[in-house]
Amino acid sequence: MDYKYIEQLLERYWECQTTLEEEAILRTFFRQEDVPASLLPYRQLFIEEDEMADEHLPEGFADRMLRLVDEKTSPLEGGSEEGYVCKARRMTVIHRLRPFYRAAGLIAIMLTIGNAAYQSFIDEDSEATPVAESVVDDSLQHITIGSPEQQSAKLDIQPADTLDAFTR
Amino acid sequence: MENISFRTTVLPLGDKLYRLALRITLNRAEAEDVVQDTLLKVWEHRNEWEQINNLEAFAIATCRNRALDVLKRAGRKTAPLDVVDNRQQTADNGQQSLEAREQLSLVRRLMDGLPEVQRAIMLMRDIEGQTYQEIAQVLDISETQVKVYLHRARTKVKKGLEIKD
């Protein structure tokens with residue numbers, strides 16, 4: 001019989017690389033009497049672990065415990081453990097992360113609103129620019145009203161130059 | 001929604017707690033007292049059951065601490081006689097050979113000779129079939145640390161068995 005698989009499994013067991021299921025396979029294997037000599041030294045470990053798993057509290061412990069608990073239960077709670085049932089919710093990873101999802105959602109909404117507001121602000125700003133140019137033109141017109149030389153000079157000035165001159 | 005009651009949820013943990021306490025104290029009477037104290041403590045915390053993430057992990061951690069306190073108070077680290085005697089009886093009752101009985105004692109001696117944390121981890125993994133994650137939660141250490149301790153424990157037991165052989 002080929003014990004290569006068991007040997008490999010055992011090697012991985014010593015290295016703590018086996019799953020619980022694989023460890024159960026090893027346990028089942030070592031329960032049988034027919035174990036090759038090379039694996040015999042390890043048989044007793046699994047046999048003994050099985051025995052240790054079979055250790056139980058002495059009889060009557062549960063009843064004694066229930067009486068003790070009843071003694072420690074206040075009359076307001078019915079004076080007995082039987083009346084006390086806690087409704088606990090089992091928390092999965094998804095449940096635990098729920099607050100983070102909510103926070104992330106809130107941040108996403110805030111970012112969207114902020115971005116939209118900023119975008120509209122930018123748009124308003126770009127719409128305001130031609131108004132500013134017209135103001136520049138108007139102001140230049142006011143300036144040029146003064147003298148004929150200035151009026152003729154106005155004809156030579158291009159809008160781009162006027163803006164340049166104004167900013168200077 | 002899960003209903004937790006002392007009778008259906010907490011009390012059934014008794015045997016598991018007993019095995020842990022027994023491997024630490026190596027004394028049946030003391031282990032029983034430890035389990036009783038542990039279960040009473042869990043009951044005293046009944047108003048917090050809903051907030052406790054994992055009631056079983058809480059009970060196991062409490063049991064381990066109580067058992068270590070017992071050892072500390074008694075100022076001892078070695079196995080008292082009662083467990084050893086009991087092992088011999090078990091071996092006799094099982095009609096095993098002298099060699100098997102010797103090795104039976106050897107396996108327990110090897111396990112009981114491990115540092116407490118290694119022994120507890122080996123028990124939780126190999127006897128109770130707990131995952132690395134569950135053990136890490138009970139001992140409040142990382143899963144990697146659990147594997148390191150377990151590796152040390154198994155290596156020592158393996159070497160001990162090979163030397164005997």
# chains A, B, ... in the order shown; residues from 1 in each chain; ligands from 1
>>> interface_residues(of="chain B", to="chain A", cutoff="9 Å", atoms="only C-alpha atoms", output="MDAnalysis selection string")
chainID B and resid 1:7 11:12 14:16 18:19 28 32 36 39:40 43:44 46:47 49:51 53 100 103:104 107:108 123 125:131 147:148 150:151 154:155 157:158 161:162 164:165
>>> residues_around(residues="range 54-61 of chain B", least_positions_apart="5", cutoff="10 Å", atoms="only C-alpha atoms", output="list in words")
Arg90 and Met91 of chain A; Ile4, Thr9, Val10, Leu13, Gly14, Lys16, Leu17, Tyr18, Leu20, Ala21, Val35, Thr38, Leu39, Lys41, Val42, Glu48, Trp49, Arg66, Ala67, Met124, Glu134, Ile135, Ala136, Gln137, Val138, Leu139 and Asp140 of chain B
>>> write_last_selection(atoms="N, CA and C atoms", output="PDB file, in the first residue's frame")
ATOM      1  N   ARG A  90     -25.947  38.104  15.168  1.00  0.00           N
ATOM      2  CA  ARG A  90     -24.649  37.602  14.731  1.00  0.00           C
ATOM      3  C   ARG A  90     -24.050  38.586  13.739  1.00  0.00           C
ATOM      4  N   MET A  91     -22.842  39.045  14.059  1.00  0.00           N
ATOM      5  CA  MET A  91     -22.218  40.079  13.230  1.00  0.00           C
ATOM      6  C   MET A  91     -21.309  39.439  12.185  1.00  0.00           C
TER       7      MET A  91
ATOM      8  N   ILE B   4     -29.468  33.853  22.984  1.00  0.00           N
ATOM      9  CA  ILE B   4     -28.419  33.288  23.824  1.00  0.00           C
ATOM     10  C   ILE B   4     -28.989  33.086  25.213  1.00  0.00           C
ATOM     11  N   THR B   9     -26.529  27.990  25.456  1.00  0.00           N
ATOM     12  CA  THR B   9     -25.334  28.515  24.788  1.00  0.00           C
ATOM     13  C   THR B   9     -24.089  28.438  25.660  1.00  0.00           C
ATOM     14  N   VAL B  10     -24.237  28.794  26.918  1.00  0.00           N
ATOM     15  CA  VAL B  10     -23.048  28.899  27.780  1.00  0.00           C
ATOM     16  C   VAL B  10     -22.684  27.549  28.413  1.00  0.00           C
ATOM     17  N   LEU B  13     -20.551  24.841  26.734  1.00  0.00           N
ATOM     18  CA  LEU B  13     -19.114  25.092  26.566  1.00  0.00           C
ATOM     19  C   LEU B  13     -18.294  24.419  27.666  1.00  0.00           C
ATOM     20  N   GLY B  14     -19.004  23.936  28.695  1.00  0.00           N
ATOM     21  CA  GLY B  14     -18.343  23.390  29.888  1.00  0.00           C
ATOM     22  C   GLY B  14     -17.239  22.379  29.605  1.00  0.00           C
ATOM     23  N   LYS B  16     -15.496  21.751  26.903  1.00  0.00           N
ATOM     24  CA  LYS B  16     -14.355  22.352  26.189  1.00  0.00           C
ATOM     25  C   LYS B  16     -13.485  23.141  27.171  1.00  0.00           C
ATOM     26  N   LEU B  17     -14.146  23.894  28.049  1.00  0.00           N
ATOM     27  CA  LEU B  17     -13.423  24.688  29.052  1.00  0.00           C
ATOM     28  C   LEU B  17     -12.693  23.765  30.028  1.00  0.00           C
ATOM     29  N   TYR B  18     -13.365  22.668  30.351  1.00  0.00           N
ATOM     30  CA  TYR B  18     -12.781  21.709  31.304  1.00  0.00           C
ATOM     31  C   TYR B  18     -11.483  21.119  30.751  1.00  0.00           C
ATOM     32  N   LEU B  20      -9.487  22.430  28.601  1.00  0.00           N
ATOM     33  CA  LEU B  20      -8.436  23.463  28.606  1.00  0.00           C
ATOM     34  C   LEU B  20      -7.883  23.638  30.022  1.00  0.00           C
ATOM     35  N   ALA B  21      -8.799  23.766  30.988  1.00  0.00           N
ATOM     36  CA  ALA B  21      -8.379  23.962  32.381  1.00  0.00           C
ATOM     37  C   ALA B  21      -7.563  22.764  32.873  1.00  0.00           C
ATOM     38  N   VAL B  35     -13.750  25.830  35.781  1.00  0.00           N
ATOM     39  CA  VAL B  35     -14.897  25.885  34.859  1.00  0.00           C
ATOM     40  C   VAL B  35     -16.096  26.522  35.558  1.00  0.00           C
ATOM     41  N   THR B  38     -15.553  30.172  35.820  1.00  0.00           N
ATOM     42  CA  THR B  38     -15.643  30.781  34.486  1.00  0.00           C
ATOM     43  C   THR B  38     -17.102  30.961  34.067  1.00  0.00           C
ATOM     44  N   LEU B  39     -17.884  29.892  34.237  1.00  0.00           N
ATOM     45  CA  LEU B  39     -19.290  29.959  33.819  1.00  0.00           C
ATOM     46  C   LEU B  39     -20.064  30.990  34.653  1.00  0.00           C
ATOM     47  N   LYS B  41     -18.769  33.649  35.938  1.00  0.00           N
ATOM     48  CA  LYS B  41     -18.339  34.970  35.467  1.00  0.00           C
ATOM     49  C   LYS B  41     -19.075  35.346  34.170  1.00  0.00           C
ATOM     50  N   VAL B  42     -19.204  34.373  33.285  1.00  0.00           N
ATOM     51  CA  VAL B  42     -19.930  34.627  32.029  1.00  0.00           C
ATOM     52  C   VAL B  42     -21.377  35.022  32.347  1.00  0.00           C
ATOM     53  N   GLU B  48     -24.044  42.060  29.090  1.00  0.00           N
ATOM     54  CA  GLU B  48     -23.124  42.485  28.019  1.00  0.00           C
ATOM     55  C   GLU B  48     -23.030  41.456  26.889  1.00  0.00           C
ATOM     56  N   TRP B  49     -23.794  40.377  26.987  1.00  0.00           N
ATOM     57  CA  TRP B  49     -23.690  39.311  25.974  1.00  0.00           C
ATOM     58  C   TRP B  49     -23.884  39.850  24.567  1.00  0.00           C
ATOM     59  N   ARG B  66      -8.184  32.117  34.504  1.00  0.00           N
ATOM     60  CA  ARG B  66      -8.495  31.561  35.841  1.00  0.00           C
ATOM     61  C   ARG B  66      -7.564  30.387  36.152  1.00  0.00           C
ATOM     62  N   ALA B  67      -7.366  29.518  35.161  1.00  0.00           N
ATOM     63  CA  ALA B  67      -6.514  28.343  35.379  1.00  0.00           C
ATOM     64  C   ALA B  67      -5.072  28.773  35.662  1.00  0.00           C
ATOM     65  N   MET B 124      -6.187  23.566  21.621  1.00  0.00           N
ATOM     66  CA  MET B 124      -7.280  24.221  20.885  1.00  0.00           C
ATOM     67  C   MET B 124      -7.329  23.759  19.431  1.00  0.00           C
ATOM     68  N   GLU B 134      -9.695  31.649  15.306  1.00  0.00           N
ATOM     69  CA  GLU B 134     -10.363  31.541  16.616  1.00  0.00           C
ATOM     70  C   GLU B 134      -9.343  31.524  17.755  1.00  0.00           C
ATOM     71  N   ILE B 135      -8.259  30.785  17.543  1.00  0.00           N
ATOM     72  CA  ILE B 135      -7.225  30.696  18.588  1.00  0.00           C
ATOM     73  C   ILE B 135      -6.586  32.071  18.792  1.00  0.00           C
ATOM     74  N   ALA B 136      -6.327  32.744  17.679  1.00  0.00           N
ATOM     75  CA  ALA B 136      -5.711  34.085  17.761  1.00  0.00           C
ATOM     76  C   ALA B 136      -6.608  35.034  18.550  1.00  0.00           C
ATOM     77  N   GLN B 137      -7.901  34.907  18.337  1.00  0.00           N
ATOM     78  CA  GLN B 137      -8.860  35.785  19.026  1.00  0.00           C
ATOM     79  C   GLN B 137      -8.855  35.508  20.538  1.00  0.00           C
ATOM     80  N   VAL B 138      -8.825  34.247  20.902  1.00  0.00           N
ATOM     81  CA  VAL B 138      -8.823  33.888  22.330  1.00  0.00           C
ATOM     82  C   VAL B 138      -7.561  34.399  23.021  1.00  0.00           C
ATOM     83  N   LEU B 139      -6.417  34.201  22.360  1.00  0.00           N
ATOM     84  CA  LEU B 139      -5.145  34.549  22.995  1.00  0.00           C
ATOM     85  C   LEU B 139      -4.731  35.997  22.734  1.00  0.00           C
ATOM     86  N   ASP B 140      -5.500  36.677  21.896  1.00  0.00           N
ATOM     87  CA  ASP B 140      -5.212  38.065  21.552  1.00  0.00           C
ATOM     88  C   ASP B 140      -3.809  38.216  20.950  1.00  0.00           C
TER      89      ASP B 140
END
>>> select_by_dssp(residues="range 2-74 of chain B", states="strand (DSSP E or B)", output="list in words")
Glu2, Asn3, Ile4 and Ser5 of chain B
>>> write_last_selection(atoms="C-alpha atoms", output="compact mmCIF listing (two decimals), in the first residue's frame")
# COMPACT_ATOMS: atom_id res chain seq x y z
CA GLU B 2 -29.73 34.59 17.79
CA ASN B 3 -31.12 33.77 21.22
CA ILE B 4 -28.42 33.29 23.82
CA SER B 5 -29.32 31.64 27.08
>>> residues_around(residues="range 8-10 of chain A", least_positions_apart="5", cutoff="8 Å", atoms="only C-alpha atoms", output="ChimeraX atom specification")
/A:18,22,26
>>> select_by_dssp(residues="chain B", states="helix (DSSP H, G or I)", output="ChimeraX atom specification")
/B:6-25,28-44,46-48,55-74,81-93,98-112,116-127,132-139,143-164
>>> atom_distance(atom1="CA of Asn65 in chain B", atom2="CA of His45 in chain B")
16.2 Å
>>> atom_distance(atom1="CA of Gln133 in chain B", atom2="CA of Ile121 in chain B")
11.6 Å
